[in-house]
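Have a look at target_10.csv below; it lists CSV, C-alpha atoms.
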chain,number,residue,atom,x,y,z
Y,1,MET,CA,60.6,-14.7,-1.9
Y,2,ALA,CA,57.8,-16.6,-3.4
Y,3,SER,CA,57.7,-20.2,-2.1
Y,4,SER,CA,57.3,-23.1,-4.5
Y,5,LEU,CA,53.9,-23.5,-2.9
Y,6,SER,CA,52.7,-20.0,-3.8
Y,7,VAL,CA,54.0,-20.5,-7.4
Y,8,ALA,CA,52.2,-23.9,-7.5
Y,9,VAL,CA,49.0,-22.1,-6.3
Y,10,LEU,CA,49.6,-19.4,-9.0
Y,11,LEU,CA,49.9,-22.1,-11.7
Y,12,CYS,CA,46.7,-23.8,-10.5
Y,13,LEU,CA,44.9,-20.5,-10.6
Y,14,ALA,CA,46.2,-19.8,-14.1
Y,15,ALA,CA,45.1,-23.3,-15.2
Y,16,ALA,CA,41.6,-22.7,-13.7
Y,17,ALA,CA,41.4,-19.3,-15.4
Y,18,ALA,CA,42.5,-20.8,-18.7
Y,19,ALA,CA,39.8,-23.3,-18.5
Y,20,GLN,CA,37.3,-20.5,-18.3
Y,21,LEU,CA,38.7,-18.6,-21.3
Y,22,SER,CA,37.7,-19.8,-24.7
Y,23,PRO,CA,38.8,-18.8,-28.2
Y,24,THR,CA,35.2,-18.9,-29.3
Y,25,PHE,CA,33.9,-16.7,-26.5
Y,26,TYR,CA,32.7,-13.9,-28.9
Y,27,ASP,CA,31.5,-16.2,-31.8
Y,28,THR,CA,27.9,-15.5,-31.0
Y,29,SER,CA,27.9,-12.2,-29.0
Y,30,CYS,CA,30.3,-10.3,-31.3
Y,31,PRO,CA,31.3,-12.5,-34.3
Y,32,ARG,CA,33.3,-9.7,-36.0
Y,33,ALA,CA,35.4,-8.9,-32.9
Y,34,LEU,CA,38.6,-10.7,-33.9
Y,35,ALA,CA,38.5,-9.5,-37.5
Y,36,THR,CA,38.0,-6.0,-36.3
Y,37,ILE,CA,41.0,-6.1,-34.0
Y,38,LYS,CA,43.2,-7.8,-36.5
Y,39,SER,CA,42.4,-5.2,-39.2
Y,40,ALA,CA,43.0,-2.3,-36.9
Y,41,VAL,CA,46.3,-3.7,-35.6
Y,42,THR,CA,47.6,-4.6,-39.1
Y,43,ALA,CA,46.8,-1.0,-40.3
Y,44,ALA,CA,48.5,0.5,-37.3
Y,45,VAL,CA,51.6,-1.6,-37.6
Y,46,ASN,CA,51.8,-1.0,-41.4
Y,47,ASN,CA,51.6,2.7,-40.6
Y,48,GLU,CA,54.3,2.6,-37.9
Y,49,PRO,CA,56.1,-0.7,-37.5
Y,50,ARG,CA,57.2,0.2,-34.0
Y,51,MET,CA,53.6,0.1,-32.9
Y,52,GLY,CA,53.7,-3.7,-33.0
Y,53,ALA,CA,56.3,-3.8,-30.2
Y,54,SER,CA,54.3,-1.1,-28.3
Y,55,LEU,CA,51.1,-3.2,-28.3
Y,56,LEU,CA,53.0,-6.4,-27.3
Y,57,ARG,CA,54.6,-4.5,-24.4
Y,58,LEU,CA,51.2,-3.1,-23.2
Y,59,HIS,CA,49.9,-6.7,-22.9
Y,60,PHE,CA,53.0,-7.8,-21.0
Y,61,HIS,CA,52.9,-4.8,-18.7
Y,62,ASP,CA,49.2,-5.5,-18.1
Y,63,CYS,CA,49.5,-9.2,-17.3
Y,64,PHE,CA,52.5,-8.9,-15.0
Y,65,VAL,CA,50.5,-6.5,-12.7
Y,66,GLN,CA,47.3,-7.9,-11.2
Y,67,GLY,CA,46.9,-10.3,-14.1
Y,68,CYS,CA,45.6,-9.7,-17.6
Y,69,ASP,CA,42.8,-7.3,-16.6
Y,70,ALA,CA,43.5,-4.1,-18.6
Y,71,SER,CA,44.5,-2.3,-15.3
Y,72,VAL,CA,47.4,-0.7,-17.3
Y,73,LEU,CA,45.0,1.2,-19.4
Y,74,LEU,CA,43.3,3.1,-16.6
Y,75,ALA,CA,44.4,6.7,-16.6
Y,76,ASP,CA,45.2,8.7,-13.4
Y,77,THR,CA,42.5,11.0,-12.2
Y,78,ALA,CA,42.2,13.4,-9.2
Y,79,THR,CA,40.9,10.5,-7.1
Y,80,PHE,CA,42.5,7.4,-8.8
Y,81,THR,CA,46.1,6.4,-9.2
Y,82,GLY,CA,46.8,4.0,-12.0
Y,83,GLU,CA,49.9,2.3,-13.3
Y,84,GLN,CA,50.9,4.5,-16.2
Y,85,ASN,CA,53.2,6.7,-14.1
Y,86,ALA,CA,55.0,3.8,-12.4
Y,87,LEU,CA,58.7,3.8,-13.2
Y,88,PRO,CA,58.6,1.0,-15.9
Y,89,ASN,CA,55.7,2.7,-17.7
Y,90,LYS,CA,56.2,6.5,-17.4
Y,91,ASN,CA,56.9,8.2,-20.7
Y,92,SER,CA,57.4,4.8,-22.4
Y,93,LEU,CA,54.1,3.0,-22.7
Y,94,ARG,CA,52.4,3.8,-26.0
Y,95,GLY,CA,49.7,2.4,-28.2
Y,96,PHE,CA,46.8,3.7,-26.1
Y,97,ASN,CA,45.3,5.5,-29.1
Y,98,VAL,CA,45.2,2.3,-31.1
Y,99,VAL,CA,43.5,0.4,-28.3
Y,100,ASP,CA,41.0,3.3,-27.9
Y,101,SER,CA,40.3,3.2,-31.6
Y,102,ILE,CA,39.7,-0.5,-31.6
Y,103,LYS,CA,37.4,-0.2,-28.6
Y,104,THR,CA,35.4,2.5,-30.3
Y,105,GLN,CA,34.9,0.3,-33.4
Y,106,LEU,CA,33.9,-2.6,-31.3
Y,107,GLU,CA,31.4,-0.6,-29.2
Y,108,GLY,CA,29.9,0.4,-32.6
Y,109,ILE,CA,29.2,-3.2,-33.6
Y,110,CYS,CA,28.5,-4.8,-30.3
Y,111,SER,CA,28.2,-2.5,-27.3
Y,112,GLN,CA,29.7,-3.4,-23.9
Y,113,THR,CA,30.7,-6.9,-25.0
Y,114,VAL,CA,34.4,-7.1,-25.8
Y,115,SER,CA,36.7,-6.3,-22.8
Y,116,CYS,CA,39.7,-4.1,-23.0
Y,117,ALA,CA,41.8,-6.9,-21.5
Y,118,ASP,CA,40.8,-9.2,-24.4
Y,119,ILE,CA,41.7,-6.4,-26.9
Y,120,LEU,CA,45.2,-6.2,-25.4
Y,121,ALA,CA,45.7,-10.0,-25.6
Y,122,VAL,CA,44.5,-10.3,-29.2
Y,123,ALA,CA,46.3,-7.1,-30.3
Y,124,ALA,CA,49.6,-8.5,-28.9
Y,125,ARG,CA,49.2,-11.7,-31.0
Y,126,ASP,CA,48.1,-9.8,-34.1
Y,127,SER,CA,51.1,-7.4,-33.8
Y,128,VAL,CA,53.6,-10.3,-33.7
Y,129,VAL,CA,51.9,-11.8,-36.8
Y,130,ALA,CA,51.9,-8.5,-38.6
Y,131,LEU,CA,55.7,-8.3,-38.2
Y,132,GLY,CA,56.3,-11.8,-39.5
Y,133,GLY,CA,56.2,-13.7,-36.3
Y,134,PRO,CA,54.3,-16.8,-35.1
Y,135,SER,CA,50.6,-17.0,-34.2
Y,136,TRP,CA,49.0,-18.6,-31.3
Y,137,THR,CA,45.4,-19.2,-30.0
Y,138,VAL,CA,44.1,-16.6,-27.6
Y,139,GLY,CA,41.6,-17.7,-25.1
Y,140,LEU,CA,38.9,-15.0,-24.6
Y,141,GLY,CA,36.4,-13.9,-21.9
Y,142,ARG,CA,38.6,-11.8,-19.7
Y,143,ARG,CA,36.9,-8.9,-17.9
Y,144,ASP,CA,38.3,-5.5,-17.0
Y,145,SER,CA,39.4,-4.5,-13.6
Y,146,THR,CA,38.1,-1.6,-11.6
Y,147,THR,CA,41.4,-1.2,-9.8
Y,148,ALA,CA,45.1,-0.7,-10.7
Y,149,SER,CA,48.3,-1.0,-8.7
Y,150,MET,CA,51.2,1.4,-9.1
Y,151,ASP,CA,53.1,-0.4,-6.3
Y,152,SER,CA,52.8,-3.8,-8.2
Y,153,ALA,CA,53.8,-2.1,-11.4
Y,154,ASN,CA,57.0,-0.7,-9.7
Y,155,ASN,CA,57.7,-4.1,-8.0
Y,156,ASP,CA,56.7,-6.8,-10.5
Y,157,LEU,CA,57.9,-5.6,-13.9
Y,158,PRO,CA,61.6,-6.6,-14.4
Y,159,PRO,CA,63.8,-3.5,-15.1
Y,160,PRO,CA,66.5,-3.4,-17.8
Y,161,PHE,CA,69.3,-3.6,-15.3
Y,162,PHE,CA,68.3,-6.9,-13.8
Y,163,ASP,CA,70.9,-9.8,-13.7
Y,164,LEU,CA,70.0,-13.3,-14.8
Y,165,GLU,CA,69.2,-14.4,-11.2
Y,166,ASN,CA,66.7,-11.5,-10.8
Y,167,LEU,CA,65.1,-12.2,-14.2
Y,168,ILE,CA,64.7,-15.9,-13.4
Y,169,LYS,CA,63.0,-15.0,-10.1
Y,170,ALA,CA,60.7,-12.3,-11.5
Y,171,PHE,CA,59.4,-14.6,-14.2
Y,172,GLY,CA,59.4,-17.6,-11.9
Y,173,ASP,CA,57.2,-15.8,-9.5
Y,174,LYS,CA,54.6,-15.6,-12.2
Y,175,GLY,CA,54.9,-19.3,-13.0
Y,176,PHE,CA,57.3,-19.1,-16.0
Y,177,SER,CA,60.1,-21.5,-16.6
Y,178,VAL,CA,63.6,-20.3,-17.4
Y,179,THR,CA,63.1,-21.3,-21.0
Y,180,ASP,CA,59.8,-19.3,-21.0
Y,181,MET,CA,61.8,-16.3,-19.8
Y,182,VAL,CA,64.5,-16.5,-22.4
Y,183,ALA,CA,61.8,-17.0,-25.1
Y,184,LEU,CA,59.7,-14.0,-23.9
Y,185,SER,CA,62.9,-11.9,-23.8
Y,186,GLY,CA,62.9,-12.5,-27.6
Y,187,ALA,CA,60.1,-10.0,-27.9
Y,188,HIS,CA,63.1,-7.6,-28.0
Y,189,THR,CA,63.5,-8.7,-31.6
Y,190,ILE,CA,61.3,-5.7,-32.2
Y,191,GLY,CA,60.9,-2.3,-30.5
Y,192,GLN,CA,63.2,0.4,-29.2
Y,193,ALA,CA,64.6,1.4,-25.9
Y,194,GLN,CA,65.5,4.8,-24.5
Y,195,CYS,CA,69.1,5.9,-23.9
Y,196,THR,CA,68.5,6.1,-20.1
Y,197,ASN,CA,68.0,2.3,-20.1
Y,198,PHE,CA,71.2,1.3,-21.9
Y,199,ARG,CA,73.6,4.2,-21.1
Y,200,GLY,CA,75.2,2.1,-18.3
Y,201,ARG,CA,75.7,-0.8,-20.6
Y,202,ILE,CA,77.4,1.1,-23.5
Y,203,TYR,CA,79.8,3.1,-21.3
Y,204,ASN,CA,80.5,0.7,-18.4
Y,205,GLU,CA,80.2,-2.9,-19.5
Y,206,THR,CA,82.9,-4.9,-21.2
Y,207,ASN,CA,80.8,-7.8,-22.7
Y,208,ILE,CA,79.6,-5.6,-25.6
Y,209,ASP,CA,80.9,-5.4,-29.2
Y,210,ALA,CA,83.2,-2.4,-29.4
Y,211,GLY,CA,81.8,-1.1,-32.7
Y,212,TYR,CA,78.2,-1.6,-31.6
Y,213,ALA,CA,78.9,0.3,-28.4
Y,214,ALA,CA,80.6,3.1,-30.3
Y,215,SER,CA,77.6,3.4,-32.7
Y,216,LEU,CA,75.2,3.7,-29.8
Y,217,ARG,CA,77.2,6.3,-28.0
Y,218,ALA,CA,76.8,8.7,-30.9
Y,219,ASN,CA,73.1,9.1,-30.0
Y,220,CYS,CA,73.3,8.5,-26.2
Y,221,PRO,CA,75.6,10.9,-24.3
Y,222,PRO,CA,77.3,9.7,-21.1
Y,223,THR,CA,75.7,12.4,-18.9
Y,224,ALA,CA,72.4,11.5,-17.3
Y,225,GLY,CA,69.7,14.1,-18.2
Y,226,THR,CA,71.2,14.5,-21.7
Y,227,GLY,CA,69.5,12.6,-24.5
Y,228,ASP,CA,67.7,10.3,-22.0
Y,229,SER,CA,64.8,9.6,-24.4
Y,230,ASN,CA,66.9,9.1,-27.5
Y,231,LEU,CA,66.0,5.7,-29.0
Y,232,ALA,CA,67.9,2.7,-30.3
Y,233,ALA,CA,66.6,-0.5,-31.8
Y,234,LEU,CA,66.6,-3.5,-29.4
Y,235,ASP,CA,67.5,-5.7,-32.4
Y,236,THR,CA,70.2,-4.0,-34.4
Y,237,THR,CA,69.9,-6.5,-37.3
Y,238,THR,CA,66.2,-6.6,-38.3
Y,239,PRO,CA,64.5,-4.1,-36.0
Y,240,TYR,CA,61.0,-4.4,-37.6
Y,241,SER,CA,61.0,-8.2,-38.2
Y,242,PHE,CA,59.8,-10.6,-35.6
Y,243,ASP,CA,62.5,-13.2,-36.1
Y,244,ASN,CA,65.2,-14.9,-34.0
Y,245,ALA,CA,68.0,-12.3,-34.9
Y,246,TYR,CA,67.8,-11.1,-31.2
Y,247,TYR,CA,69.6,-14.3,-30.1
Y,248,SER,CA,72.2,-14.1,-32.9
Y,249,ASN,CA,72.9,-10.5,-31.7
Y,250,LEU,CA,73.5,-11.8,-28.1
Y,251,LEU,CA,76.0,-14.4,-29.5
Y,252,SER,CA,77.9,-11.3,-30.9
Y,253,ASN,CA,77.6,-9.3,-27.6
Y,254,LYS,CA,75.2,-7.0,-29.3
Y,255,GLY,CA,72.4,-7.1,-26.7
Y,256,LEU,CA,71.2,-3.5,-26.1
Y,257,LEU,CA,70.1,-3.8,-22.5
Y,258,HIS,CA,72.0,-5.3,-19.6
Y,259,SER,CA,69.0,-7.7,-19.1
Y,260,ASP,CA,69.4,-8.9,-22.7
Y,261,GLN,CA,73.1,-9.7,-22.7
Y,262,VAL,CA,72.9,-11.5,-19.3
Y,263,LEU,CA,71.1,-14.3,-21.2
Y,264,PHE,CA,74.3,-15.1,-23.0
Y,265,ASN,CA,77.2,-14.4,-20.7
Y,266,GLY,CA,78.7,-17.7,-19.6
Y,267,ASN,CA,75.5,-18.7,-17.6
Y,268,SER,CA,72.9,-21.4,-17.5
Y,269,THR,CA,70.8,-19.8,-20.3
Y,270,ASP,CA,73.6,-19.8,-22.9
Y,271,ASN,CA,72.6,-23.0,-24.5
Y,272,THR,CA,68.9,-21.9,-24.9
Y,273,VAL,CA,70.1,-18.7,-26.5
Y,274,ARG,CA,72.3,-20.8,-28.9
Y,275,ASN,CA,69.4,-23.0,-29.7
Y,276,PHE,CA,67.0,-20.1,-30.5
Y,277,ALA,CA,69.7,-18.4,-32.5
Y,278,SER,CA,70.2,-21.4,-34.8
Y,279,ASN,CA,66.6,-22.6,-34.9
Y,280,ARG,CA,63.9,-20.1,-35.6
Y,281,ALA,CA,61.1,-22.7,-35.4
Y,282,ALA,CA,62.3,-23.6,-31.8
Y,283,PHE,CA,62.1,-20.0,-30.8
Y,284,SER,CA,58.7,-19.4,-32.4
Y,285,SER,CA,57.3,-22.5,-30.7
Y,286,ALA,CA,58.7,-21.6,-27.3
Y,287,PHE,CA,57.6,-17.9,-27.6
Y,288,SER,CA,54.0,-18.9,-28.6
Y,289,SER,CA,53.7,-21.3,-25.7
Y,290,ALA,CA,55.0,-18.7,-23.2
Y,291,MET,CA,52.6,-16.1,-24.6
Y,292,VAL,CA,49.7,-18.4,-24.0
Y,293,LYS,CA,50.8,-18.7,-20.4
Y,294,MET,CA,51.2,-14.9,-20.2
Y,295,ALA,CA,47.6,-14.3,-21.5
Y,296,ASN,CA,46.3,-16.7,-18.8
Y,297,LEU,CA,47.8,-14.8,-15.8
Y,298,GLY,CA,45.0,-14.1,-13.3
Y,299,PRO,CA,42.2,-12.9,-15.6
Y,300,LEU,CA,38.9,-11.8,-14.2
Y,301,THR,CA,36.1,-13.9,-15.6
Y,302,GLY,CA,32.4,-14.6,-15.2
Y,303,SER,CA,30.9,-11.8,-13.1
Y,304,GLN,CA,34.2,-10.4,-11.8
Y,305,GLY,CA,35.2,-6.9,-12.9
Y,306,GLN,CA,33.3,-5.3,-15.7
Y,307,ILE,CA,33.3,-4.6,-19.4
Y,308,ARG,CA,34.6,-1.0,-19.6
Y,309,LEU,CA,32.9,1.3,-22.0
Y,310,SER,CA,36.1,3.3,-22.3
Y,311,CYS,CA,39.4,1.5,-21.7
Y,312,SER,CA,41.0,4.4,-19.9
Y,313,LYS,CA,38.3,4.7,-17.1
Y,314,VAL,CA,36.1,2.5,-15.0
Y,315,ASN,CA,32.3,2.6,-15.8
What does the file become when written as structure tokens?
Amino acid sequence: MASSLSVAVLLCLAAAAAAQLSPTFYDTSCPRALATIKSAVTAAVNNEPRMGASLLRLHFHDCFVQGCDASVLLADTATFTGEQNALPNKNSLRGFNVVDSIKTQLEGICSQTVSCADILAVAARDSVVALGGPSWTVGLGRRDSTTASMDSANNDLPPPFFDLENLIKAFGDKGFSVTDMVALSGAHTIGQAQCTNFRGRIYNETNIDAGYAASLRANCPPTAGTGDSNLAALDTTTPYSFDNAYYSNLLSNKGLLHSDQVLFNGNSTDNTVRNFASNRAAFSSAFSSAMVKMANLGPLTGSQGQIRLSCSKVN
């Protein structure tokens, strides 16, 4: 269990790293970088709204493992094991093609300048904005890792069956407060989940709206191995709008994942959920603040790491 000391050290490291990151990092070296990313992300999300959630999730799954270093983008080879086949990522991470397309465009206008880690951080923000959510300032200057960790991906990313206590610890170990954790869970106001991740909830749990559970069972059979990859929206109300409906759904026992509904189930986080459900501005502010913290998790800066030429492999 992470001691309060190690969490304090982590927060100090994050603060030090944040001081090295700057929103103006590419103003001289690649002045069109941010506009290029924003244009590509907006086009991709307009083409397929789900892509916004996929790009946001890539950034989260990057930062929670080794820090925000684009380690999640490194593909497996005969001699290298990346993170993409770790349990939380296998057959579910997507958006690599959009990131690769952005990287190709950026290499065309300023070669080996903009890191893949920075692309992920900016694309996450631009995805949320494209779906009607809040904006925040992204510090820049991350560099790309030459390593990845499948073990860390398996151990550090919170799974959909976690209880509240586990969620608080998983996020706390990364320096997030309980309010940060509840706010970041609100990313599930967009995106979809596979039947295998909510089957147990819709067949075995009682704190779920009966009509909602019945509608989900129609496309998610009870037997494991049948329809495992069938999808359902994480926010049943406004699945392609980045709003606060996720929290209103929790008040109605319409959280899709076990780890969603535990946030409102007679526990310490109930009042935060109520607040976010009734006050979209409060949610937007808390989410933005937590995303700034997320993007500052252990980046490589200065001469650490490298600027990859291709996001899926080390130079």
Nearest to Ile102 in chain Y: which of Y:Ala70, Y:Leu34, Y:Leu263, Y:Ala130 is it, counting all atoms listed in the file?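 Closest candidate: Y:Leu34.
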Residues near Gly132 in chain Y, anyone? I mean within 12 Å using all atoms listed in the file, not counting same-chain ones fewer than 5 positions away, as an MDAnalysis selection string. chainID Y and resid 42 45:46 49 52 125:127 189:190 238:244 280 284
Any chance you could export the current selection's C-alpha atoms as a short mmCIF file (atom, residue, chain, number, x, y, z; two decimals), in the coordinates of the input?
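Listing of part_16.cif after writing:
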data_model
loop_
_atom_site.label_atom_id
_atom_site.label_comp_id
_atom_site.auth_asym_id
_atom_site.auth_seq_id
_atom_site.Cartn_x
_atom_site.Cartn_y
_atom_site.Cartn_z
CA THR Y 42 47.60 -4.60 -39.10
CA VAL Y 45 51.60 -1.60 -37.60
CA ASN Y 46 51.80 -1.00 -41.40
CA PRO Y 49 56.10 -0.70 -37.50
CA GLY Y 52 53.70 -3.70 -33.00
CA ARG Y 125 49.20 -11.70 -31.00
CA ASP Y 126 48.10 -9.80 -34.10
CA SER Y 127 51.10 -7.40 -33.80
CA THR Y 189 63.50 -8.70 -31.60
CA ILE Y 190 61.30 -5.70 -32.20
CA THR Y 238 66.20 -6.60 -38.30
CA PRO Y 239 64.50 -4.10 -36.00
CA TYR Y 240 61.00 -4.40 -37.60
CA SER Y 241 61.00 -8.20 -38.20
CA PHE Y 242 59.80 -10.60 -35.60
CA ASP Y 243 62.50 -13.20 -36.10
CA ASN Y 244 65.20 -14.90 -34.00
CA ARG Y 280 63.90 -20.10 -35.60
CA SER Y 284 58.70 -19.40 -32.40
#
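Nearest to Gln306 in chain Y of all the residues Y:Thr146, Y:Thr237, Y:Gln261, Y:Asn249 is Y:Thr146, based on all atoms listed in the file.
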Between Y:Ala86, Y:Leu131, Y:Ala124, Y:Leu257, single out the one closest to Met291 in chain Y, counting all atoms listed in the file.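 Nearest candidate to Met291 in chain Y out of Y:Ala86, Y:Leu131, Y:Ala124, Y:Leu257: Y:Ala124.
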Nearest to Pro160 in chain Y by atom-to-atom distance, counting all atoms listed in the file, from Y:Thr223, Y:Ser259, Y:Ser135, Y:Thr81: Y:Ser259
So how far away is CA of Leu251 in chain Y from CA of Val292 in chain Y, in Å?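 CA of Leu251 in chain Y lies at a distance of 27.2 Å from CA of Val292 in chain Y.
Surrounding residues of (42.0, -12.3, -13.6) at most 9 Å away are Ala14, Ala17, Cys63, Gln66, Gly67, Cys68, Asp69, Arg142, Arg143, Asp144, Ser145, Asn296, Leu297, Gly298, Pro299, Leu300, Thr301, Gln304 and Gly305 of chain Y (based on only C-alpha atoms).
The coordinates place CA of Lys313 in chain Y at 5.3 Å from CA of Leu74 in chain Y.
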Any idea what's packed within 9 Å of Asn197 in chain Y, counting all atoms listed in the file, ignoring anything in its chain fewer than 3 positions away? Could you give it as a VMD selection string? chain Y and resid 159 to 161 193 to 194 200 to 201 228 256 to 258
Nearest to Asp180 in chain Y among Y:Val122, Y:Ala245, Y:Val65, Y:Val273, with distances taken over all atoms listed in the file: which residue is it? Y:Val273
Residue with smallest distance to Gly133 in chain Y - pool Y:Asn47, Y:Thr147, Y:Ser22, Y:Ser288, counting only C-alpha atoms: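 The shortest atom-to-atom distance to Gly133 in chain Y comes from Y:Ser288.
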Near His59 in chain Y, within 9 Å and counting all atoms listed in the file, which residues show up once chain neighbours fewer than 3 positions away are dropped, as an MDAnalysis selection string? chainID Y and resid 54:56 62:64 68 70 72 117 120:121 123:124 294:295
